[in-house]
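As stored in work.json (JSON, C-alpha atoms):
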[["chain", "number", "residue", "atom", "x", "y", "z"],
["A", 92, "MET", "CA", 260.34, 110.28, 240.58],
["A", 93, "GLU", "CA", 263.98, 110.56, 239.63],
["A", 94, "LYS", "CA", 266.39, 112.23, 242.04],
["A", 95, "LYS", "CA", 267.74, 115.63, 240.92],
["A", 96, "LYS", "CA", 271.38, 115.45, 239.85],
["A", 97, "THR", "CA", 273.75, 116.95, 242.42],
["A", 98, "SER", "CA", 275.82, 119.78, 240.98],
["A", 99, "LEU", "CA", 279.62, 119.58, 241.04],
["A", 100, "PHE", "CA", 279.64, 123.03, 242.63],
["A", 101, "ASP", "CA", 277.38, 121.79, 245.45],
["A", 102, "LEU", "CA", 279.69, 118.81, 246.05],
["A", 103, "PHE", "CA", 282.74, 121.08, 246.11],
["A", 104, "VAL", "CA", 281.17, 123.71, 248.40],
["A", 105, "THR", "CA", 279.67, 121.19, 250.81],
["A", 106, "PHE", "CA", 282.96, 119.37, 251.26],
["A", 107, "ALA", "CA", 284.90, 122.65, 251.43],
["A", 108, "LYS", "CA", 282.60, 123.68, 254.28],
["A", 109, "ILE", "CA", 283.24, 120.39, 256.07],
["A", 110, "GLY", "CA", 286.98, 120.64, 255.42],
["A", 111, "GLY", "CA", 287.17, 124.26, 256.51],
["A", 112, "LEU", "CA", 284.99, 124.17, 259.61],
["A", 113, "THR", "CA", 286.19, 121.03, 261.37],
["A", 114, "PHE", "CA", 289.41, 120.55, 263.26],
["A", 115, "GLY", "CA", 291.20, 117.41, 264.38],
["A", 116, "GLY", "CA", 291.23, 115.19, 261.30],
["A", 117, "GLY", "CA", 288.88, 112.62, 259.83],
["A", 118, "VAL", "CA", 287.27, 111.40, 263.03],
["A", 119, "ALA", "CA", 286.48, 114.94, 264.18],
["A", 120, "MET", "CA", 284.85, 115.63, 260.80],
["A", 121, "LEU", "CA", 282.44, 112.73, 261.23],
["A", 122, "PRO", "CA", 279.64, 114.64, 263.04],
["A", 123, "MET", "CA", 279.55, 117.41, 260.42],
["A", 124, "LEU", "CA", 279.91, 114.90, 257.59],
["A", 125, "GLN", "CA", 277.00, 112.89, 258.95],
["A", 126, "ARG", "CA", 274.84, 115.99, 259.38],
["A", 127, "GLU", "CA", 275.60, 117.44, 255.93],
["A", 128, "VAL", "CA", 275.69, 114.26, 253.84],
["A", 129, "VAL", "CA", 273.06, 112.12, 255.56],
["A", 130, "GLU", "CA", 270.62, 114.52, 257.24],
["A", 131, "ASN", "CA", 270.76, 117.69, 255.11],
["A", 132, "ARG", "CA", 271.66, 116.54, 251.59],
["A", 133, "HIS", "CA", 270.51, 112.88, 251.67],
["A", 134, "TRP", "CA", 273.49, 111.84, 249.57],
["A", 135, "ALA", "CA", 273.93, 108.70, 251.70],
["A", 136, "THR", "CA", 272.16, 106.73, 254.39],
["A", 137, "GLU", "CA", 273.72, 106.32, 257.83],
["A", 138, "GLU", "CA", 274.63, 102.74, 256.92],
["A", 139, "GLU", "CA", 276.32, 103.85, 253.68],
["A", 140, "MET", "CA", 278.13, 106.59, 255.60],
["A", 141, "MET", "CA", 279.52, 104.05, 258.07],
["A", 142, "ASP", "CA", 280.56, 101.79, 255.19],
["A", 143, "TYR", "CA", 282.30, 104.64, 253.36],
["A", 144, "TYR", "CA", 284.04, 105.70, 256.53],
["A", 145, "ALA", "CA", 285.18, 102.14, 257.32],
["A", 146, "ILE", "CA", 286.47, 101.62, 253.78],
["A", 147, "GLY", "CA", 288.10, 105.06, 253.88],
["A", 148, "GLN", "CA", 289.89, 104.03, 257.04],
["A", 149, "CYS", "CA", 291.38, 100.88, 255.58],
["A", 150, "THR", "CA", 292.41, 102.32, 252.21],
["A", 151, "PRO", "CA", 295.60, 104.33, 251.71],
["A", 152, "GLY", "CA", 295.29, 108.04, 252.26],
["A", 153, "ILE", "CA", 293.44, 110.42, 254.52],
["A", 154, "ILE", "CA", 290.15, 109.04, 255.85],
["A", 155, "MET", "CA", 288.12, 112.17, 255.16],
["A", 156, "VAL", "CA", 289.49, 112.55, 251.64],
["A", 157, "ASN", "CA", 288.68, 108.92, 250.87],
["A", 158, "THR", "CA", 285.18, 109.26, 252.31],
["A", 159, "ALA", "CA", 284.52, 112.46, 250.34],
["A", 160, "THR", "CA", 285.73, 110.73, 247.19],
["A", 161, "PHE", "CA", 283.33, 107.81, 247.72],
["A", 162, "ILE", "CA", 280.37, 110.14, 248.27],
["A", 163, "GLY", "CA", 281.25, 112.36, 245.30],
["A", 164, "PHE", "CA", 281.66, 109.27, 243.12],
["A", 165, "LYS", "CA", 278.27, 107.95, 244.25],
["A", 166, "GLU", "CA", 276.61, 111.25, 243.35],
["A", 167, "ARG", "CA", 278.34, 112.12, 240.06],
["A", 168, "GLY", "CA", 280.85, 109.44, 239.13],
["A", 169, "VAL", "CA", 284.56, 110.16, 238.68],
["A", 170, "ILE", "CA", 284.13, 113.90, 238.21],
["A", 171, "GLY", "CA", 281.98, 114.03, 241.37],
["A", 172, "GLY", "CA", 284.67, 112.20, 243.29],
["A", 173, "ILE", "CA", 287.21, 114.73, 242.10],
["A", 174, "ALA", "CA", 284.96, 117.71, 243.00],
["A", 175, "ALA", "CA", 284.28, 116.38, 246.52],
["A", 176, "THR", "CA", 287.96, 115.56, 247.06],
["A", 177, "LEU", "CA", 289.11, 119.00, 245.91],
["A", 178, "GLY", "CA", 286.46, 120.58, 248.10],
["A", 179, "VAL", "CA", 287.53, 118.81, 251.27],
["A", 180, "VAL", "CA", 291.25, 119.52, 250.81],
["A", 181, "PHE", "CA", 290.98, 123.10, 249.50],
["A", 182, "PRO", "CA", 290.48, 124.80, 252.90],
["A", 183, "SER", "CA", 293.33, 122.84, 254.46],
["A", 184, "VAL", "CA", 295.73, 123.78, 251.68],
["A", 185, "VAL", "CA", 294.85, 127.46, 252.04],
["A", 186, "ILE", "CA", 294.95, 127.48, 255.85],
["A", 187, "ILE", "CA", 298.16, 125.44, 256.10],
["A", 188, "THR", "CA", 299.87, 127.68, 253.57],
["A", 189, "ILE", "CA", 298.96, 130.77, 255.62],
["A", 190, "LEU", "CA", 299.76, 129.19, 259.00],
["A", 191, "ALA", "CA", 303.08, 127.75, 257.87],
["A", 192, "GLY", "CA", 304.43, 131.25, 257.55],
["A", 193, "LEU", "CA", 302.97, 132.42, 260.86],
["A", 194, "ILE", "CA", 303.13, 129.47, 263.27],
["A", 195, "GLN", "CA", 306.84, 129.71, 264.03],
["A", 196, "ASN", "CA", 306.35, 133.28, 265.21],
["A", 197, "PHE", "CA", 303.40, 132.59, 267.50],
["A", 198, "ALA", "CA", 303.55, 128.93, 268.59],
["A", 199, "ASP", "CA", 305.16, 129.69, 271.95],
["A", 200, "LEU", "CA", 302.70, 132.39, 272.98],
["A", 201, "PRO", "CA", 300.62, 131.33, 276.02],
["A", 202, "VAL", "CA", 297.37, 132.41, 274.35],
["A", 203, "VAL", "CA", 298.09, 130.20, 271.31],
["A", 204, "LYS", "CA", 298.97, 127.22, 273.53],
["A", 205, "SER", "CA", 295.76, 127.77, 275.52],
["A", 206, "ALA", "CA", 293.68, 128.03, 272.37],
["A", 207, "PHE", "CA", 295.04, 124.72, 271.07],
["A", 208, "ALA", "CA", 294.39, 123.08, 274.45],
["A", 209, "GLY", "CA", 290.75, 124.20, 274.23],
["A", 210, "ILE", "CA", 290.44, 123.00, 270.63],
["A", 211, "ARG", "CA", 291.79, 119.55, 271.56],
["A", 212, "VAL", "CA", 289.18, 119.18, 274.33],
["A", 213, "CYS", "CA", 286.40, 120.24, 271.96],
["A", 214, "VAL", "CA", 287.55, 117.76, 269.31],
["A", 215, "CYS", "CA", 287.50, 114.94, 271.90],
["A", 216, "VAL", "CA", 283.89, 115.74, 272.78],
["A", 217, "LEU", "CA", 282.86, 115.89, 269.11],
["A", 218, "VAL", "CA", 284.52, 112.51, 268.49],
["A", 219, "ILE", "CA", 282.72, 110.97, 271.49],
["A", 220, "ASN", "CA", 279.39, 112.34, 270.22],
["A", 221, "ALA", "CA", 280.04, 110.83, 266.77],
["A", 222, "VAL", "CA", 280.97, 107.47, 268.31],
["A", 223, "VAL", "CA", 277.80, 107.41, 270.42],
["A", 224, "LYS", "CA", 275.66, 108.23, 267.38],
["A", 225, "LEU", "CA", 277.33, 105.53, 265.27],
["A", 226, "ALA", "CA", 277.16, 103.01, 268.13],
["A", 227, "LYS", "CA", 273.38, 103.43, 268.37],
["A", 228, "LYS", "CA", 273.08, 102.30, 264.74],
["A", 229, "SER", "CA", 275.86, 99.69, 264.79],
["A", 230, "LEU", "CA", 275.48, 97.86, 268.09],
["A", 231, "ILE", "CA", 272.21, 96.19, 267.26],
["A", 232, "ASP", "CA", 272.57, 92.84, 268.98],
["A", 233, "ILE", "CA", 274.87, 90.74, 271.17],
["A", 234, "PRO", "CA", 277.23, 89.64, 268.35],
["A", 235, "THR", "CA", 277.86, 93.21, 267.16],
["A", 236, "THR", "CA", 278.42, 94.33, 270.75],
["A", 237, "VAL", "CA", 280.89, 91.46, 271.29],
["A", 238, "ILE", "CA", 282.77, 92.45, 268.12],
["A", 239, "ALA", "CA", 282.90, 96.08, 269.31],
["A", 240, "VAL", "CA", 284.20, 95.14, 272.77],
["A", 241, "ALA", "CA", 286.77, 92.76, 271.26],
["A", 242, "VAL", "CA", 288.03, 95.43, 268.85],
["A", 243, "MET", "CA", 288.15, 98.03, 271.63],
["A", 244, "ALA", "CA", 290.15, 95.71, 273.88],
["A", 245, "GLY", "CA", 292.33, 94.52, 271.03],
["A", 246, "SER", "CA", 293.14, 98.04, 269.87],
["A", 247, "TYR", "CA", 294.06, 99.00, 273.42],
["A", 248, "PHE", "CA", 296.35, 96.03, 274.06],
["A", 249, "ILE", "CA", 297.64, 95.14, 270.58],
["A", 250, "ASP", "CA", 299.60, 97.59, 268.45],
["A", 251, "ILE", "CA", 298.52, 96.63, 264.92],
["A", 252, "SER", "CA", 297.05, 98.53, 262.00],
["A", 253, "PRO", "CA", 293.32, 99.31, 262.21],
["A", 254, "VAL", "CA", 293.00, 97.55, 258.85],
["A", 255, "TRP", "CA", 293.48, 94.21, 260.63],
["A", 256, "PHE", "CA", 290.67, 94.97, 263.07],
["A", 257, "ILE", "CA", 288.39, 95.92, 260.19],
["A", 258, "MET", "CA", 289.21, 92.74, 258.23],
["A", 259, "ILE", "CA", 288.79, 90.50, 261.29],
["A", 260, "SER", "CA", 285.50, 92.24, 262.15],
["A", 261, "ALA", "CA", 284.26, 91.80, 258.58],
["A", 262, "ALA", "CA", 285.13, 88.09, 258.73],
["A", 263, "ALA", "CA", 283.39, 87.78, 262.11],
["A", 264, "GLY", "CA", 280.30, 89.52, 260.70],
["A", 265, "ILE", "CA", 280.21, 87.12, 257.76],
["A", 266, "LEU", "CA", 280.62, 84.09, 260.03],
["A", 267, "ILE", "CA", 277.91, 85.28, 262.42],
["A", 268, "GLN", "CA", 275.43, 86.02, 259.62],
["A", 269, "THR", "CA", 276.19, 82.67, 257.97],
["A", 270, "ALA", "CA", 275.63, 80.87, 261.28],
["A", 271, "LYS", "CA", 272.37, 82.76, 261.83],
["A", 272, "ALA", "CA", 271.18, 81.90, 258.31],
["A", 273, "LYS", "CA", 271.99, 78.22, 258.80],
["A", 274, "GLY", "CA", 270.33, 78.23, 262.22],
["A", 275, "GLY", "CA", 267.22, 79.85, 260.78],
["A", 276, "ALA", "CA", 267.10, 77.37, 257.89],
["A", 277, "GLN", "CA", 267.24, 74.37, 260.25],
["A", 278, "LYS", "CA", 264.15, 75.47, 262.23]]
What does the file become when written as structure tokens?
Amino acid sequence: MEKKKTSLFDLFVTFAKIGGLTFGGGVAMLPMLQREVVENRHWATEEEMMDYYAIGQCTPGIIMVNTATFIGFKERGVIGGIAATLGVVFPSVVIITILAGLIQNFADLPVVKSAFAGIRVCVCVLVINAVVKLAKKSLIDIPTTVIAVAVMAGSYFIDISPVWFIMISAAAGILIQTAKAKGGAQK
């Protein structure tokens, strides 16, 4: 049975919802993205989602925009990529345009400062939840756990672009799988 073609409107609205209801940037959008794209719409598997997100992180531009573009492209080609991209940025453009005129007048109010403090805490929790969910699917054996610990330590102590960590991790994954394949062939 052939999968029903996703409408451009559905791509736009879904990504507009994600873009309009999440705060804190690409990482904070991950839980909603995962729920909408993987669980509700079945536009991608969890593995594909992690791949899109990783590629989106090491390509120029905003992570969430890149990820939306990949998913839209997968569903409907170039026009789908454009619809998903426009959807995810549309709420931000509208909100930023409105806030730009207002923020200078209200930024120093204690209630506004307190609200932003609460939002930052919430975003941290949402990011931790997304990391835990992704870790359950990604840390599947000792080599993947070693790569994760090495990247975590490296990113804490070494100030380099995340792209380098992704490329080194990809190379490590290839080397480990090659070694496993050779080890399995020799038995």
d(atom CA of Ala191 of chain A, atom CA of Glu127 of chain A) in Å: 29.4 Å
One-decimal distance in Å that lies between atom CA of Val180 of chain A and atom CA of Gly110 of chain A: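 We find that atom CA of Gly110 of chain A and atom CA of Val180 of chain A lie 6.4 Å from each other.
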Counting only C-alpha atoms, the option among A:Met258, A:Ile153, A:Thr235, A:Val118 closest to Asn220 of chain A: A:Val118
Nearest to Leu266 of chain A, chosen from A:Thr188, A:Ile170, A:Pro234, A:Ala241, with only C-alpha atoms counted in the distances: A:Pro234
Gap from atom CA of Phe161 of chain A to atom CA of Val218 of chain A - Å, one decimal: 21.3 Å
Nearest to Thr236 of chain A by atom-to-atom distance, counting all atoms listed in the file, from A:Val184, A:Met155, A:Ala263, A:Val104: A:Ala263
Nearby residues (all atoms listed in the file) at most 9 Å from Thr158 of chain A, same-chain spacing under 2 positions excluded, as a list in words: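 Those residues are Met140, Tyr143, Tyr144, Ala145, Ile146, Gly147, Gln148, Ile153, Ile154, Met155, Val156, Thr160, Phe161, Ile162, Gly163 and Thr176 of chain A.
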Residue among A:Phe103, A:Phe207, A:Tyr247, A:Phe114 lying closest to Ala159 of chain A, counting all atoms listed in the file: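 Of all the options, A:Phe103 lies closest to Ala159 of chain A.
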Expected residue set, 10 Å radius at (277.9, 102.3, 264.1), all atoms listed in the file, as a list in words: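 The requested residues, written out, are Glu137, Glu138, Met140, Met141, Asp142, Ala145, Ala221, Val222, Val223, Lys224, Leu225, Ala226, Lys227, Lys228, Ser229, Leu230, Ile231, Thr235 and Ala239 of chain A.
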10 Å contact set for Phe100 of chain A, all atoms listed in the file, chain neighbours under 3 positions out, as a ChimeraX atom specification: /A:97,103-106,171,174-175,178
Selected residue, from A:Ala244, A:Ile189, A:Ser252, A:Ile238, that lies nearest to Ile267 of chain A when counting only C-alpha atoms: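 Distance minimum relative to Ile267 of chain A lands on A:Ile238.
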Distance query Ala135 of chain A at most 9 Å, all atoms listed in the file, self and fewer than 6 positions along chain excluded, as a ChimeraX atom specification: /A:125,128-129,162,165
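Take the candidates A:Gly264, A:Gly274, A:Pro122, A:Gly111 and check each one against Ile187 of chain A using only C-alpha atoms; the shortest distance goes to A:Gly111.
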